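A.B. asks: Hey, dropping start_24.cif in here, mmCIF, C-alpha atoms:
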data_my_file
#
loop_
_atom_site.label_atom_id
_atom_site.label_comp_id
_atom_site.auth_asym_id
_atom_site.auth_seq_id
_atom_site.Cartn_x
_atom_site.Cartn_y
_atom_site.Cartn_z
CA MET V 327 9.87 -18.36 -50.63
CA LYS V 328 12.07 -21.42 -51.07
CA ASN V 329 15.03 -19.69 -49.42
CA PHE V 330 12.77 -18.42 -46.67
CA THR V 331 11.64 -21.98 -45.89
CA ILE V 332 15.20 -23.28 -45.85
CA TYR V 333 16.37 -20.68 -43.37
CA LEU V 334 13.30 -21.10 -41.21
CA VAL V 335 14.24 -24.79 -40.88
CA ILE V 336 17.77 -23.73 -39.94
CA LEU V 337 16.45 -21.37 -37.26
CA VAL V 338 14.25 -24.12 -35.83
CA PHE V 339 17.31 -26.37 -35.64
CA LEU V 340 19.26 -23.66 -33.81
CA PHE V 341 16.33 -23.19 -31.45
CA VAL V 342 16.23 -26.90 -30.57
CA SER V 343 19.99 -26.95 -30.14
CA LYS V 344 19.80 -23.99 -27.78
CA VAL V 345 17.12 -25.59 -25.63
CA LEU V 346 19.20 -28.75 -25.20
CA GLY V 347 22.24 -26.77 -24.05
CA GLN V 348 20.45 -24.00 -22.22
CA GLU V 349 21.98 -23.91 -18.78
CA THR V 350 25.63 -23.56 -19.77
CA PHE V 351 24.89 -20.86 -22.32
CA GLU V 352 22.75 -18.90 -19.86
CA SER V 353 25.45 -18.90 -17.20
CA LYS V 354 27.85 -17.26 -19.65
CA ALA V 355 25.34 -14.88 -21.22
CA LYS V 356 23.95 -13.73 -17.87
CA LYS V 357 27.29 -12.18 -16.90
CA ILE V 358 27.15 -10.02 -20.01
CA GLY V 359 23.44 -9.42 -19.51
CA ASP V 360 23.93 -8.17 -15.96
CA LYS V 361 26.46 -5.64 -17.19
CA ILE V 362 24.18 -4.33 -19.95
CA GLU V 363 21.19 -4.33 -17.59
CA LYS V 364 23.15 -2.10 -15.21
CA ILE V 365 24.03 0.27 -18.06
CA THR V 366 20.39 0.48 -19.17
CA LYS V 367 19.11 1.13 -15.64
CA GLU V 368 21.68 3.84 -14.95
CA GLU V 369 21.01 5.65 -18.24
CA LYS V 370 17.22 5.45 -17.73
CA GLU V 371 17.60 6.98 -14.26
CA THR V 372 19.77 9.75 -15.65
CA LEU V 373 17.23 10.41 -18.41
CA LYS V 374 14.46 10.54 -15.81
CA GLU V 375 16.36 13.19 -13.84
CA GLU V 376 17.04 15.22 -17.00
CA VAL V 377 13.39 15.12 -18.05
CA GLU V 378 12.31 16.17 -14.56
CA ALA V 379 14.64 19.19 -14.81
CA VAL V 380 12.93 20.14 -18.10
CA ASN V 381 9.52 19.80 -16.42
CA VAL V 382 10.67 22.18 -13.67
CA GLN V 383 11.73 24.75 -16.27
CA LEU V 384 8.34 24.35 -17.99
CA SER V 385 6.40 24.80 -14.72
CA GLU V 386 8.42 27.93 -13.91
CA GLY V 387 7.59 29.40 -17.32
CA LYS V 388 11.20 29.52 -18.46
CA ILE V 389 10.46 27.49 -21.60
CA THR V 390 7.37 26.78 -23.71
CA LYS V 391 5.68 23.39 -24.04
CA GLU V 392 7.01 23.06 -27.59
CA GLN V 393 10.54 23.76 -26.35
CA ALA V 394 10.09 21.27 -23.53
CA ASP V 395 8.86 18.52 -25.88
CA LYS V 396 11.74 19.17 -28.26
CA ARG V 397 14.26 19.09 -25.40
CA LYS V 398 12.83 15.84 -24.03
CA LYS V 399 13.12 14.21 -27.45
CA GLU V 400 16.72 15.41 -27.77
CA LEU V 401 17.55 14.04 -24.32
CA ALA V 402 15.97 10.65 -25.16
CA GLU V 403 17.93 10.45 -28.42
CA ALA V 404 21.18 11.41 -26.67
CA ARG V 405 20.70 8.77 -23.97
CA ALA V 406 19.86 6.19 -26.63
CA VAL V 407 23.14 6.95 -28.39
CA ILE V 408 25.04 6.59 -25.09
CA ILE V 409 23.34 3.25 -24.42
CA GLU V 410 24.20 2.11 -27.94
CA GLU V 411 27.86 3.07 -27.55
CA LYS V 412 28.18 1.26 -24.25
CA VAL V 413 26.37 -1.94 -25.23
CA THR V 414 28.32 -2.11 -28.51
CA LEU V 415 31.34 -3.02 -26.40
CA ALA V 416 29.50 -6.20 -25.42
CA GLN V 417 28.12 -6.87 -28.91
CA ASN V 418 31.12 -8.85 -30.15
CA GLU V 419 31.26 -10.87 -26.95
CA LEU V 420 27.57 -11.77 -27.20
CA SER V 421 27.84 -12.53 -30.91
CA ASP V 422 30.85 -14.78 -30.30
CA LEU V 423 28.97 -16.56 -27.53
CA VAL V 424 25.96 -17.21 -29.78
CA GLN V 425 28.26 -18.39 -32.58
CA GLN V 426 30.00 -20.80 -30.20
CA LYS V 427 26.60 -22.17 -29.17
CA VAL V 428 25.55 -22.60 -32.80
CA GLU V 429 28.82 -24.42 -33.56
CA GLY V 430 28.34 -26.68 -30.55
CA LYS V 431 31.44 -25.42 -28.74
CA ILE V 432 29.46 -24.75 -25.56
CA LYS V 433 28.26 -28.00 -24.05
CA SER V 434 25.42 -28.58 -21.66
CA GLU V 435 26.15 -29.22 -18.03
CA ASP V 436 24.83 -32.35 -16.39
CA GLY V 437 23.12 -31.84 -13.10
CA LYS V 438 19.99 -30.56 -11.49
CA HIS V 439 18.52 -27.16 -12.21
CA SER V 440 18.46 -24.82 -9.26
CA TYR V 441 15.94 -22.04 -8.67
CA THR V 442 15.96 -19.13 -6.28
CA PHE V 443 12.66 -17.90 -4.90
CA ASN V 444 11.87 -14.80 -2.88
CA TRP V 445 9.86 -15.48 0.29
CA ASN V 446 8.06 -12.70 2.12
CA SER V 447 5.64 -13.70 4.85
CA LYS V 448 4.43 -10.10 5.23
CA ASN V 449 3.37 -9.65 1.59
CA ARG V 450 1.91 -12.77 0.05
CA ASP V 451 -0.49 -12.97 -2.87
CA ASN V 452 -2.03 -16.01 -1.15
CA ASP V 453 -1.10 -17.88 1.97
CA SER V 454 -0.77 -21.16 0.07
CA ILE V 455 0.66 -19.75 -3.18
CA ARG V 456 4.13 -18.30 -2.77
CA GLY V 457 7.43 -18.17 -4.62
CA GLU V 458 8.62 -15.89 -7.42
CA ARG V 459 7.69 -12.24 -7.13
CA ARG V 460 4.68 -11.14 -9.11
CA THR V 461 6.93 -8.92 -11.24
CA THR V 462 10.35 -10.16 -12.38
CA SER V 463 12.92 -8.72 -14.79
CA GLN V 464 14.84 -10.24 -17.67
CA PHE V 465 17.68 -9.25 -19.96
CA VAL V 466 16.64 -9.76 -23.60
CA PHE V 467 18.99 -10.56 -26.46
CA ALA V 468 17.70 -11.43 -29.92
CA ALA V 469 19.39 -11.96 -33.28
CA GLY V 470 18.48 -13.31 -36.69
CA LEU V 471 17.66 -12.56 -40.30
CA ASN V 472 16.35 -9.22 -41.54
CA ASN V 473 14.75 -8.12 -44.82
CA MET V 474 12.08 -5.93 -46.43
CA MET V 475 8.45 -6.55 -47.39
CA VAL V 476 6.49 -4.81 -50.16
CA ASP V 477 2.76 -5.57 -50.44
CA GLY V 478 3.26 -8.78 -48.49
CA LYS V 479 6.15 -10.02 -50.64
CA LEU V 480 9.67 -10.61 -49.31
CA GLN V 481 12.33 -8.56 -51.12
CA ASP V 482 15.06 -11.21 -50.94
CA ALA V 483 16.06 -10.48 -54.56
CA LYS V 484 16.97 -6.88 -53.65
CA TYR V 485 18.56 -7.59 -50.28
CA ARG V 486 20.84 -10.45 -49.28
CA PHE V 487 18.80 -12.93 -47.28
CA THR V 488 21.67 -14.43 -45.26
CA GLY V 489 23.72 -11.22 -45.13
CA SER V 490 21.04 -8.99 -43.60
CA HIS V 491 20.72 -9.31 -39.83
CA PHE V 492 19.01 -7.76 -36.85
CA TYR V 493 20.08 -7.53 -33.21
CA GLU V 494 18.18 -6.45 -30.13
CA TRP V 495 19.25 -5.81 -26.54
CA GLY V 496 16.89 -4.78 -23.81
CA LEU V 497 15.51 -4.98 -20.31
CA THR V 498 11.97 -6.24 -19.74
CA TYR V 499 9.64 -6.60 -16.78
CA ASN V 500 7.27 -9.54 -16.58
CA SER V 501 4.18 -9.02 -14.39
CA ARG V 502 1.64 -11.73 -13.57
CA ILE V 503 -1.79 -10.29 -14.38
CA LEU V 504 -4.05 -12.55 -12.30
CA LYS V 505 -3.50 -12.90 -8.58
CA GLU V 506 -4.00 -16.66 -8.33
CA ASN V 507 -3.36 -17.84 -11.89
CA ASN V 508 0.02 -17.95 -13.60
CA LEU V 509 -1.07 -18.11 -17.26
CA LEU V 510 -1.27 -14.43 -18.27
CA HIS V 511 1.61 -12.00 -17.97
CA ALA V 512 2.23 -8.44 -19.14
CA LYS V 513 5.75 -8.08 -20.56
CA TYR V 514 7.10 -4.59 -21.16
CA GLY V 515 10.41 -2.76 -21.20
CA LEU V 516 12.99 -0.88 -23.27
CA SER V 517 15.15 -2.19 -26.12
CA VAL V 518 17.76 -1.05 -28.61
CA MET V 519 17.17 -2.53 -32.09
CA TYR V 520 19.72 -2.78 -34.90
CA ASN V 521 18.20 -3.48 -38.34
CA ASN V 522 20.79 -4.17 -41.04
CA ILE V 523 20.13 -4.79 -44.73
CA ARG V 524 22.68 -5.59 -47.43
CA PRO V 525 21.60 -4.73 -51.01
CA THR V 526 22.42 -7.13 -53.85
CA ASP V 527 23.82 -6.46 -57.35
CA ASN V 528 26.42 -3.89 -56.25
CA LYS V 529 23.74 -1.38 -55.21
CA SER V 530 23.66 1.29 -52.52
CA PHE V 531 21.24 3.95 -51.32
CA VAL V 532 21.29 7.46 -52.83
CA VAL V 533 19.21 10.38 -51.52
CA ASN V 534 17.40 12.30 -54.25
CA GLY V 535 15.36 15.03 -52.57
CA ASP V 536 12.61 13.36 -50.57
CA GLN V 537 13.27 10.00 -52.26
CA THR V 538 15.88 7.44 -51.21
CA ASP V 539 16.71 5.28 -54.22
CA LEU V 540 18.57 1.98 -54.41
CA LEU V 541 20.93 2.41 -57.37
CA THR V 542 23.85 0.56 -58.91
CA ASN V 543 27.10 2.02 -57.59
CA PRO V 544 29.69 2.96 -60.25
CA VAL V 545 32.42 1.51 -58.01
CA HIS V 546 32.70 -2.23 -57.44
CA LEU V 547 31.62 -2.70 -53.82
CA LYS V 548 32.94 -5.43 -51.55
CA GLU V 549 30.39 -4.45 -48.91
CA SER V 550 27.15 -2.46 -48.99
CA ARG V 551 25.22 -2.26 -45.74
CA PHE V 552 22.47 0.04 -44.46
CA ARG V 553 21.78 0.18 -40.72
CA ASN V 554 19.00 1.74 -38.66
CA VAL V 555 19.17 1.92 -34.87
CA TYR V 556 16.01 2.37 -32.82
CA LEU V 557 15.13 2.87 -29.18
CA VAL V 558 11.80 1.12 -28.68
CA ALA V 559 9.33 0.18 -25.96
CA PRO V 560 8.00 -3.35 -26.60
CA VAL V 561 4.79 -4.60 -24.93
CA HIS V 562 3.53 -8.20 -25.08
CA LEU V 563 0.76 -10.28 -23.58
CA GLU V 564 2.55 -13.47 -22.60
CA PHE V 565 1.02 -16.90 -22.02
CA ASP V 566 3.30 -18.88 -19.70
CA PHE V 567 2.50 -22.57 -19.26
CA SER V 568 5.23 -23.22 -16.68
CA LYS V 569 4.14 -25.81 -14.15
CA ASP V 570 3.72 -24.72 -10.54
CA GLY V 571 6.43 -25.68 -8.09
CA HIS V 572 5.81 -27.36 -4.75
CA ASN V 573 7.51 -27.06 -1.40
CA GLY V 574 5.89 -29.64 0.81
CA ASP V 575 2.17 -28.86 0.74
CA LYS V 576 2.80 -25.33 -0.50
CA ARG V 577 2.37 -24.40 -4.17
CA TYR V 578 4.24 -21.55 -5.85
CA PHE V 579 4.34 -20.00 -9.30
CA ARG V 580 7.28 -20.20 -11.68
CA THR V 581 8.02 -18.42 -14.96
CA HIS V 582 10.24 -19.19 -17.96
CA GLN V 583 10.29 -22.89 -17.03
CA GLY V 584 7.91 -24.22 -19.68
CA PHE V 585 6.19 -23.48 -22.97
CA ARG V 586 5.65 -19.73 -23.56
CA MET V 587 4.24 -17.50 -26.27
CA GLY V 588 3.78 -13.76 -26.50
CA PHE V 589 1.83 -11.41 -28.78
CA GLY V 590 2.17 -7.65 -28.92
CA GLY V 591 4.09 -4.85 -30.53
CA TYR V 592 6.57 -2.04 -30.14
CA ALA V 593 6.95 1.68 -30.76
CA GLY V 594 9.94 3.97 -30.62
CA ILE V 595 12.24 6.44 -32.30
CA ASN V 596 15.07 6.26 -34.81
CA VAL V 597 18.34 7.32 -33.20
CA LYS V 598 20.74 6.70 -36.09
CA SER V 599 20.87 5.73 -39.76
CA LYS V 600 24.16 4.81 -41.40
CA GLN V 601 25.37 3.39 -44.73
CA ILE V 602 28.65 1.48 -44.87
CA LEU V 603 30.40 0.94 -48.21
CA GLU V 604 33.68 -0.94 -48.69
CA TYR V 605 35.58 -0.97 -51.98
CA GLU V 606 39.05 -1.24 -53.48
CA SER V 607 40.80 1.23 -55.77
CA GLY V 608 44.01 -0.28 -57.09
CA ASP V 609 45.99 -1.39 -54.06
CA LEU V 610 43.97 0.84 -51.75
CA LYS V 611 41.09 -0.42 -49.62
CA SER V 612 38.52 2.11 -48.50
CA THR V 613 35.59 2.09 -46.09
CA GLU V 614 33.01 4.85 -46.41
CA LYS V 615 30.61 5.39 -43.50
CA THR V 616 27.84 7.91 -44.03
CA LYS V 617 25.53 8.98 -41.22
CA GLY V 618 22.47 11.01 -41.97
CA ASP V 619 18.73 11.28 -42.26
CA PHE V 620 18.37 9.23 -45.49
CA ASN V 621 14.66 10.19 -45.37
CA VAL V 622 14.13 7.46 -42.78
CA ASN V 623 10.99 7.66 -40.63
CA ASN V 624 11.77 9.24 -37.26
CA PHE V 625 9.35 6.88 -35.53
CA ILE V 626 8.84 3.14 -35.73
CA TYR V 627 5.95 0.92 -34.67
CA GLY V 628 5.07 -2.66 -35.43
CA LEU V 629 3.85 -6.08 -34.36
CA SER V 630 5.91 -8.83 -32.77
CA SER V 631 5.44 -12.31 -31.38
CA TYR V 632 7.50 -15.14 -29.97
CA ILE V 633 6.99 -18.80 -29.13
CA GLY V 634 9.34 -21.12 -27.31
CA TYR V 635 10.32 -23.06 -24.25
CA GLY V 636 12.08 -21.80 -21.14
CA SER V 637 14.12 -18.72 -21.86
CA THR V 638 14.47 -19.39 -25.61
CA SER V 639 11.97 -18.49 -28.33
CA LEU V 640 11.53 -18.09 -32.05
CA TYR V 641 10.96 -14.37 -32.59
CA LEU V 642 9.13 -12.54 -35.40
CA LYS V 643 8.70 -8.78 -35.73
CA TYR V 644 7.22 -6.65 -38.52
CA ASP V 645 7.16 -2.86 -38.90
CA LEU V 646 3.76 -1.40 -39.73
CA ASN V 647 5.22 1.83 -41.09
CA PRO V 648 7.73 1.99 -43.98
CA VAL V 649 11.43 2.53 -43.43
CA PHE V 650 11.53 5.58 -45.74
CA LYS V 651 9.00 8.39 -45.22
CA ASP V 652 8.09 9.49 -48.74
CA ASN V 653 9.33 6.78 -51.11
CA LEU V 654 6.89 5.83 -53.86
CA VAL V 655 7.15 2.17 -52.79
CA ASP V 656 6.59 1.39 -49.10
CA GLU V 657 9.27 -1.03 -47.87
CA LYS V 658 8.63 -2.38 -44.39
CA ASN V 659 11.17 -4.17 -42.24
CA ILE V 660 10.61 -7.81 -41.20
CA SER V 661 12.82 -9.87 -38.89
CA LEU V 662 12.93 -13.53 -37.89
CA GLY V 663 15.34 -14.93 -35.33
CA ILE V 664 16.01 -16.35 -31.89
CA ARG V 665 15.22 -14.53 -28.67
CA PHE V 666 16.70 -15.15 -25.21
CA ASP V 667 14.89 -13.88 -22.08
CA LEU V 668 17.47 -14.35 -19.34
CA ASN V 669 16.39 -14.07 -15.70
#
Can you turn what I pasted into structure tokens?

C.D. replies:
Amino acid sequence: MKNFTIYLVILVFLFVSKVLGQETFESKAKKIGDKIEKITKEEKETLKEEVEAVNVQLSEGKITKEQADKRKKELAEARAVIIEEKVTLAQNELSDLVQQKVEGKIKSEDGKHSYTFNWNSKNRDNDSIRGERRTTSQFVFAAGLNNMMVDGKLQDAKYRFTGSHFYEWGLTYNSRILKENNLLHAKYGLSVMYNNIRPTDNKSFVVNGDQTDLLTNPVHLKESRFRNVYLVAPVHLEFDFSKDGHNGDKRYFRTHQGFRMGFGGYAGINVKSKQILEYESGDLKSTEKTKGDFNVNNFIYGLSSYIGYGSTSLYLKYDLNPVFKDNLVDEKNISLGIRFDLN
């Protein structure tokens, strides 16, 4: 737990640093976010059309309900893979941007913050309370440390604490629940999660029937990494303490401008599992990438929460079901990092 405490302090430092330099970072990240948001929207619309076509076949009696459900799952998995392939092109750019922010290479801009509000005199929640729409959307990017838990204990001896990371990209909608109070919001959307773990002591995963064992590899490994990719639907109840804005004698609601915290969870499907091994044999360097089932659970569900200021939060998520379906020891994924909700 000593290492865990040290890296939690580091994450808090990064969080504070991000808040102080927020505007400049957001302006750069939003360009990438807009591109990924467009990709996600387009693929979701395409998936919707494909699912509707399956429903038509089902209603016409051309396929059975079991066939329809199987086809819908296949379509969802295929679209998730397409989304993953497209957003991967932006992964390095986003990672570089975050790294530059951590290293202090991106400085804050001096000047006033500017906000854009949507005014609609024909559709107001209240004649004296106007401003942001009741439902807004954000691009979400999160990154941080990843590891496993067994019976409430962190497995940092089996998996490299600093070398195991998680990433998440997604689109969320934020809806104010109460008509004339800005505190409670429902936050929901669609995300792609990457959970990476790096075993210690020159070990790698080996499938033995219905068991997936972590064993010492006979070859000296320079890199051993196991990655799971999920398409998930996160849902949170968000408490937003942003202060109301004023325009003359008119009051309007604002979001992501103050202290925020959210509590909820997520559920989704596994779209890919892959093990990456790098080693040297004489003068030859080899990289072995193995995709497969690895006895990984097809579905994922868990709890998540975040707390922060403005668009930046500390983010914690924990899987309630184990990574591997039938292993004798249930290892559950846990992640801690920084989350950006960019309007």

A.B. asks: Determine the residue membership of the PyMOL selection byres ((chain V and resi 607-624) around 8) for the file above and supply it as an NGL selection string.

C.D. replies: :V and (533 or 536-538 or 595-606 or 625-626 or 648-652)

A.B. asks: Can you tell me which residues surround Gly359 of chain V at a distance of at most 7 Å, considering all atoms listed in the file, apart from same-chain residues fewer than 4 positions away, and format the answer as an mmCIF file with C-alpha atoms, in the coordinates of the input?

C.D. replies:
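Saved the output as selection_34.cif:
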data_model
loop_
_atom_site.group_PDB
_atom_site.id
_atom_site.type_symbol
_atom_site.label_atom_id
_atom_site.label_comp_id
_atom_site.auth_asym_id
_atom_site.auth_seq_id
_atom_site.Cartn_x
_atom_site.Cartn_y
_atom_site.Cartn_z
ATOM 1 C CA ALA V 355 25.340 -14.880 -21.220
ATOM 2 C CA GLU V 363 21.190 -4.330 -17.590
ATOM 3 C CA PHE V 465 17.680 -9.250 -19.960
#

A.B. asks: Can you measure atom CA of Asp422 of chain V to atom CA of Gly489 of chain V for me? One decimal in Å is fine.

C.D. replies: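 Interatomic distance here is 16.8 Å.
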
A.B. asks: What does the distance from atom CA of Thr461 of chain V to atom CA of Tyr520 of chain V come to in Å, to one decimal?

C.D. replies: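 Computing the Euclidean distance for atom CA of Thr461 of chain V and atom CA of Tyr520 of chain V yields 27.6 Å.
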
A.B. asks: Output the residue selection produced by the PyMOL selection byres ((chain V and resi 567) around 9) on the file above, formatted as a short mmCIF file (atom, residue, chain, number, x, y, z; two decimals) with C-alpha atoms, in the frame of the given file.

C.D. replies:
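Saved file out19.cif follows:
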data_model
loop_
_atom_site.label_atom_id
_atom_site.label_comp_id
_atom_site.auth_asym_id
_atom_site.auth_seq_id
_atom_site.Cartn_x
_atom_site.Cartn_y
_atom_site.Cartn_z
CA ASN V 508 0.02 -17.95 -13.60
CA LEU V 509 -1.07 -18.11 -17.26
CA PHE V 565 1.02 -16.90 -22.02
CA ASP V 566 3.30 -18.88 -19.70
CA SER V 568 5.23 -23.22 -16.68
CA LYS V 569 4.14 -25.81 -14.15
CA THR V 581 8.02 -18.42 -14.96
CA HIS V 582 10.24 -19.19 -17.96
CA GLN V 583 10.29 -22.89 -17.03
CA GLY V 584 7.91 -24.22 -19.68
CA PHE V 585 6.19 -23.48 -22.97
CA ARG V 586 5.65 -19.73 -23.56
CA MET V 587 4.24 -17.50 -26.27
#

A.B. asks: Can you work out which one of V:Pro525, V:Pro560, V:Gly470, V:Gly535 has the shortest atom-to-atom distance to Tyr499 of chain V, counting all atoms listed in the file?

C.D. replies: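 Of V:Pro525, V:Pro560, V:Gly470, V:Gly535, the one nearest Tyr499 of chain V, counting all atoms listed in the file, is V:Pro560.
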
A.B. asks: Please write the residues picked by the PyMOL selection byres ((chain V and resi 411) around 12) on this file as a list in words.

C.D. replies: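 Those residues are Ile362, Ile365, Thr366, Glu369, Ala404, Arg405, Ala406, Val407, Ile408, Ile409, Glu410, Lys412, Val413, Thr414, Leu415, Ala416, Gln417, Val518, Val555, Val597 and Lys598 of chain V.
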
A.B. asks: Any idea what's packed within 10 Å of segment 475-483 of chain V, counting all atoms listed in the file, ignoring anything in its chain fewer than 6 positions away? Could you give it as an mmCIF file with C-alpha atoms, in the coordinates of the input?

C.D. replies:
data_model
loop_
_atom_site.group_PDB
_atom_site.id
_atom_site.type_symbol
_atom_site.label_atom_id
_atom_site.label_comp_id
_atom_site.auth_asym_id
_atom_site.auth_seq_id
_atom_site.Cartn_x
_atom_site.Cartn_y
_atom_site.Cartn_z
ATOM 1 C CA MET V 327 9.870 -18.360 -50.630
ATOM 2 C CA ASN V 329 15.030 -19.690 -49.420
ATOM 3 C CA PHE V 330 12.770 -18.420 -46.670
ATOM 4 C CA SER V 490 21.040 -8.990 -43.600
ATOM 5 C CA PRO V 525 21.600 -4.730 -51.010
ATOM 6 C CA THR V 526 22.420 -7.130 -53.850
ATOM 7 C CA ASP V 527 23.820 -6.460 -57.350
ATOM 8 C CA TYR V 644 7.220 -6.650 -38.520
ATOM 9 C CA ASP V 645 7.160 -2.860 -38.900
ATOM 10 C CA PRO V 648 7.730 1.990 -43.980
ATOM 11 C CA VAL V 655 7.150 2.170 -52.790
ATOM 12 C CA ASP V 656 6.590 1.390 -49.100
ATOM 13 C CA GLU V 657 9.270 -1.030 -47.870
ATOM 14 C CA LYS V 658 8.630 -2.380 -44.390
ATOM 15 C CA ASN V 659 11.170 -4.170 -42.240
ATOM 16 C CA ILE V 660 10.610 -7.810 -41.200
#

A.B. asks: So how many Å separate atom CA of Tyr627 of chain V and atom CA of Val561 of chain V, to one decimal?

C.D. replies: 11.3 Å

A.B. asks: From the set V:Gly571, V:Arg486, V:Lys576, V:Val382, which residue has the shortest atom-to-atom contact distance to Arg551 of chain V, counting all atoms listed in the file?

C.D. replies: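 Smallest distance to Arg551 of chain V is found for V:Arg486.
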
A.B. asks: From the set V:Ile523, V:Leu497, V:Leu504, V:Leu541, which residue has the shortest atom-to-atom contact distance to Leu471 of chain V, counting only C-alpha atoms?

C.D. replies: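 Result for the nearest residue to Leu471 of chain V: V:Ile523.
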